[in-house]
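Worksheet: one structure, shown below.
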Amino acid sequence: MDSSTRLFAAAHDAPCPRGAVDDAKCDDECEASDIAAVLSHTALDAPTLSLSDLRLSRFPDNLTSRFAQLTTLDLSRNKIKSLPTAVGTLSSLVTLDLSRNEIRALPEDLRNLKLLERLLLLSNKLNHNSIPYAALRELTALKHLDLRFNTKCSGENARQTVRSAFPDSVTVLVTIPVAKENRPVGGEMGGLVGEHACERDATQLRSQLEPWSTPLLRDRLRYTFHIASDFETEPREAVMQKLLAAYAALFPAAEYPMGRRVRRVENGFQVSDTVCRPLYDELIRWQTTRDPSAKERPTIRAEGYMILRSHLEFTKHNGTKATLAAQKVAKHQALWDLAAKVMVQADPVFATKYTAVAFTDNFTGSPHIDTQNIGPFYGIALGDFDGGELCVESTPTEVAMINTRYRAVKVDGRYPHWVAPHTGQRFSVIYYQTFGDVTPMAAAVLV
């Protein structure tokens, strides 16, 4: 990796800047330190306070009591999940920017912000049931409400619902998705945009970037390449084109043919043939007896795909969904049990935690992110094949290509990942967790 690459390689697994080893401790210490640094330079009667991009996981304690005179509060680009009722005591606020957080609901106490003119809620996790429209209608000074990129508040019907809740004097912004047939395709460097992962050419950089959300692509422009992007005027396609150009300048195609990024080749750790061979034989039986039309995940490219779920994945262990899942496991009990033996050998601790196993037949390409996972997964590939490495974005400028043929590897599927082209028969077995305590994202490749 040359010096220019190192300069821009903002790694996913970069160490805590303050030396904390534990992830949770890092988050808490960095968050507290960053807030303290900002507040120490902010007068108590200051009209404006910006706590943007400080990785805050919660609304700052005591903010409402210490800065009651604020007219502008910027908490954008954080990870705040909820707002305290005390936010309603900031009665002097004119602008409240909560964009790019993880807020799922708004408190009715917002009705007390009688001077509020601009409420920015772009890119959160709101839905119509979590927005107190009746309370917001009491904000008689409100002029601008931004609800774009809240997935459950998008579309023409959503626009009409929100529009009808406010007078014409309020500008309401809601995302209206572009019809599939009208979406742009990639340019010279782009490959296909692809409605689904199966439609994307995984050897192309654009396909590898496509799983990321627009705000995260915009952040990559800003932090990795130091290129500004205006979310008000530049849509996703403009951001993508800027990124592709930045990568092209850093990684010439002749030197970096595989997606224009550095490739790091790794090997998973060997798992003994005594547990792998019986599982492979059972996968062959599954292949020859399954219904070829019953692929369970049609959005990826594979000849066969089946998920078996433990009852641990369901909040009601005796509910209908858990019962149906148990019946499916019983139907494929040999496959489930043999897969369990492989994981016991690979990682006895994780063998007690995973809640589901995906079995695939000739999975290939399909760059995607596992949005339902709450932590890393383990993967292993079985069969007689060449190529077929598990690829994962390890940093913005690097892709790890991992040999998993009869080898296990622990990868965080919440980063874009895909399977390299291959020839021959390749089965894969993926062990993952969707229920339990969330493991914070850290390194993309952990074993």
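Labels for the structure tokens follow display order: chains A, B, ..., residues from 1 in each chain, ligands from 1.
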
Subject >> Residues within 7 Å of range 376-384 of chain A, only C-alpha atoms, excluding chain neighbours under 3 positions, as a VMD selection string >> reply: chain A and resid 280 404 to 413 424 to 432

Subject >> Neighbour list for Gly436 in chain A as a PyMOL selection string, cut-off 10 Å, only C-alpha atoms, skip fewer than 2 positions in-chain >> reply: chain A and resi 312-315+353-355+374-375+433-434+438-439

Residue subset to file, keeping N, CA, C and O atoms, as a tab-separated table (two decimals), in the first residue's frame:
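part.tsv was written with the following content:
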chain	number	residue	atom	x	y	z
A	312	LEU	N	-34.45	-19.98	19.64
A	312	LEU	CA	-33.88	-18.84	20.35
A	312	LEU	C	-34.03	-17.54	19.57
A	312	LEU	O	-33.90	-16.45	20.13
A	313	GLU	N	-34.34	-17.65	18.28
A	313	GLU	CA	-34.47	-16.46	17.45
A	313	GLU	C	-35.80	-15.75	17.66
A	313	GLU	O	-36.01	-14.63	17.19
A	314	PHE	N	-36.71	-16.37	18.39
A	314	PHE	CA	-38.06	-15.82	18.52
A	314	PHE	C	-38.33	-15.43	19.96
A	314	PHE	O	-37.96	-16.13	20.90
A	315	THR	N	-38.99	-14.27	20.15
A	315	THR	CA	-39.29	-13.80	21.50
A	315	THR	C	-40.29	-14.73	22.18
A	315	THR	O	-40.24	-14.93	23.39
A	353	LYS	N	-24.37	-19.49	20.79
A	353	LYS	CA	-24.99	-18.19	20.58
A	353	LYS	C	-25.76	-18.05	19.26
A	353	LYS	O	-26.73	-17.30	19.20
A	354	TYR	N	-25.29	-18.72	18.21
A	354	TYR	CA	-25.93	-18.48	16.92
A	354	TYR	C	-27.39	-18.93	16.96
A	354	TYR	O	-27.75	-19.89	17.63
A	355	THR	N	-28.22	-18.19	16.23
A	355	THR	CA	-29.66	-18.48	16.26
A	355	THR	C	-30.18	-18.99	14.92
A	355	THR	O	-31.34	-19.39	14.83
A	374	ILE	N	-27.11	-9.10	14.45
A	374	ILE	CA	-26.77	-8.28	15.61
A	374	ILE	C	-25.31	-8.41	15.98
A	374	ILE	O	-24.86	-7.88	17.00
A	375	GLY	N	-24.55	-9.11	15.16
A	375	GLY	CA	-23.12	-9.29	15.41
A	375	GLY	C	-22.48	-10.02	14.25
A	375	GLY	O	-23.11	-10.27	13.22
A	433	GLN	N	-26.51	-14.59	14.08
A	433	GLN	CA	-27.31	-14.29	15.26
A	433	GLN	C	-28.19	-13.08	14.99
A	433	GLN	O	-27.71	-12.03	14.56
A	434	THR	N	-29.48	-13.21	15.21
A	434	THR	CA	-30.41	-12.09	15.02
A	434	THR	C	-31.17	-11.74	16.29
A	434	THR	O	-31.99	-10.83	16.28
A	438	VAL	N	-26.66	-7.07	21.27
A	438	VAL	CA	-26.01	-6.58	20.06
A	438	VAL	C	-24.50	-6.43	20.30
A	438	VAL	O	-24.08	-5.90	21.32
A	439	THR	N	-23.72	-6.93	19.35
A	439	THR	CA	-22.27	-6.74	19.37
A	439	THR	C	-21.93	-5.52	18.53
A	439	THR	O	-22.26	-5.49	17.34

Subject >> All residues 8 Å or closer to Ser130 in chain A, only C-alpha atoms, same chain fewer than 2 positions away omitted, as a ChimeraX atom specification >> reply: /A:104-106,126-128,132

Quick one: write out the picked residues with N, CA, C and O atoms as a compact mmCIF listing (two decimals), in the first residue's frame?
# COMPACT_ATOMS: atom_id res chain seq x y z
N ARG A 104 -36.41 6.66 16.73
CA ARG A 104 -37.58 5.86 16.33
C ARG A 104 -38.90 6.51 16.70
O ARG A 104 -39.95 6.12 16.18
N ALA A 105 -38.88 7.47 17.62
CA ALA A 105 -40.13 8.10 18.06
C ALA A 105 -39.83 9.50 18.57
O ALA A 105 -38.72 9.79 19.03
N LEU A 106 -40.86 10.38 18.47
CA LEU A 106 -40.73 11.75 18.95
C LEU A 106 -41.64 11.96 20.14
O LEU A 106 -42.80 11.50 20.14
N LEU A 126 -38.03 6.79 11.82
CA LEU A 126 -39.39 7.16 12.21
C LEU A 126 -40.42 6.49 11.31
O LEU A 126 -40.15 6.16 10.16
N ASN A 127 -41.62 6.31 11.86
CA ASN A 127 -42.77 5.90 11.07
C ASN A 127 -43.96 6.76 11.48
O ASN A 127 -43.88 7.54 12.44
N HIS A 128 -45.05 6.66 10.75
CA HIS A 128 -46.18 7.55 11.01
C HIS A 128 -46.73 7.40 12.43
O HIS A 128 -47.19 8.38 13.03
N PRO A 132 -45.86 12.36 16.57
CA PRO A 132 -47.08 12.96 17.16
C PRO A 132 -47.56 14.16 16.36
O PRO A 132 -47.32 15.32 16.72

**OP:** Identify which of the residues A:Leu54, A:Phe225, A:Thr371, A:Glu237 lies closest to Leu250 in chain A, counting only C-alpha atoms when measuring atom-to-atom distances.
**Re:**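 The shortest atom-to-atom distance to Leu250 in chain A comes from A:Phe225.
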
Original post:
For Phe67 in chain A, which residue out of A:Leu142, A:Val87, A:Leu173, A:Leu217 is the nearest one, using only C-alpha atoms?
Top reply: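 Smallest separation from Phe67 in chain A among the options: A:Val87.
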
**OP:** Apply DSSP to the structure's backbone, then extract all residues of range 259-437 of chain A labelled strand (DSSP E) and return them as an MDAnalysis selection string.
**Re:** chainID A and resid 262:267 269:270 304:309 356:361 365:368 377:382 385:387 390:395 398:403 407:411 417:419 422:424 427:432

Subject >> Given only C-alpha atoms as the counted atoms, nearest of A:His332, A:Thr214, A:Arg261, A:Val392 to Ala238 in chain A >> reply: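 Distance minimum relative to Ala238 in chain A lands on A:Thr214.
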
Original post:
Between A:Lys295, A:Arg277, A:Arg301, A:Lys341, which has the minimum distance to Ala197 in chain A (counting only C-alpha atoms)?
Top reply: A:Arg301

Original post:
What is the CA of Phe149 in chain A to CA of Cys198 in chain A distance in Å?
Top reply: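 Going from CA of Phe149 in chain A over to CA of Cys198 in chain A covers 23.9 Å.
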
Counting only C-alpha atoms, which residues in range 284-361 of chain A sit no more than 12 Å from range 199-202 of chain A? For each one, give the nearest pair of atoms and the distance in Å, sorted by chain then residue number, as a Markdown table.
| residue | atom | partner | partner_atom | distance |
| --- | --- | --- | --- | --- |
| A:Pro298 | CA | A:Glu199 | CA | 10.7 |
| A:Thr299 | CA | A:Glu199 | CA | 8.1 |
| A:Ile300 | CA | A:Glu199 | CA | 8.0 |
| A:Arg301 | CA | A:Glu199 | CA | 8.0 |
| A:Ala302 | CA | A:Glu199 | CA | 11.8 |

Save out the residues we just selected, N, CA and C atoms, as a PDB file, in the first residue's frame.
ATOM      1  N   PRO A 298     -34.410 -14.956  -2.869  1.00  0.00           N
ATOM      2  CA  PRO A 298     -34.270 -14.727  -4.309  1.00  0.00           C
ATOM      3  C   PRO A 298     -33.474 -13.479  -4.672  1.00  0.00           C
ATOM      4  N   THR A 299     -33.174 -12.617  -3.693  1.00  0.00           N
ATOM      5  CA  THR A 299     -32.448 -11.388  -4.008  1.00  0.00           C
ATOM      6  C   THR A 299     -30.942 -11.595  -4.106  1.00  0.00           C
ATOM      7  N   ILE A 300     -30.465 -12.823  -3.839  1.00  0.00           N
ATOM      8  CA  ILE A 300     -29.049 -13.122  -4.030  1.00  0.00           C
ATOM      9  C   ILE A 300     -28.925 -14.191  -5.114  1.00  0.00           C
ATOM     10  N   ARG A 301     -27.714 -14.351  -5.639  1.00  0.00           N
ATOM     11  CA  ARG A 301     -27.488 -15.289  -6.731  1.00  0.00           C
ATOM     12  C   ARG A 301     -26.952 -16.603  -6.173  1.00  0.00           C
ATOM     13  N   ALA A 302     -27.767 -17.635  -6.207  1.00  0.00           N
ATOM     14  CA  ALA A 302     -27.381 -18.960  -5.728  1.00  0.00           C
ATOM     15  C   ALA A 302     -28.324 -19.988  -6.339  1.00  0.00           C
TER      16      ALA A 302
END

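The space between CA of Gln204 in chain A and CA of Ala444 in chain A spans 19.9 Å.
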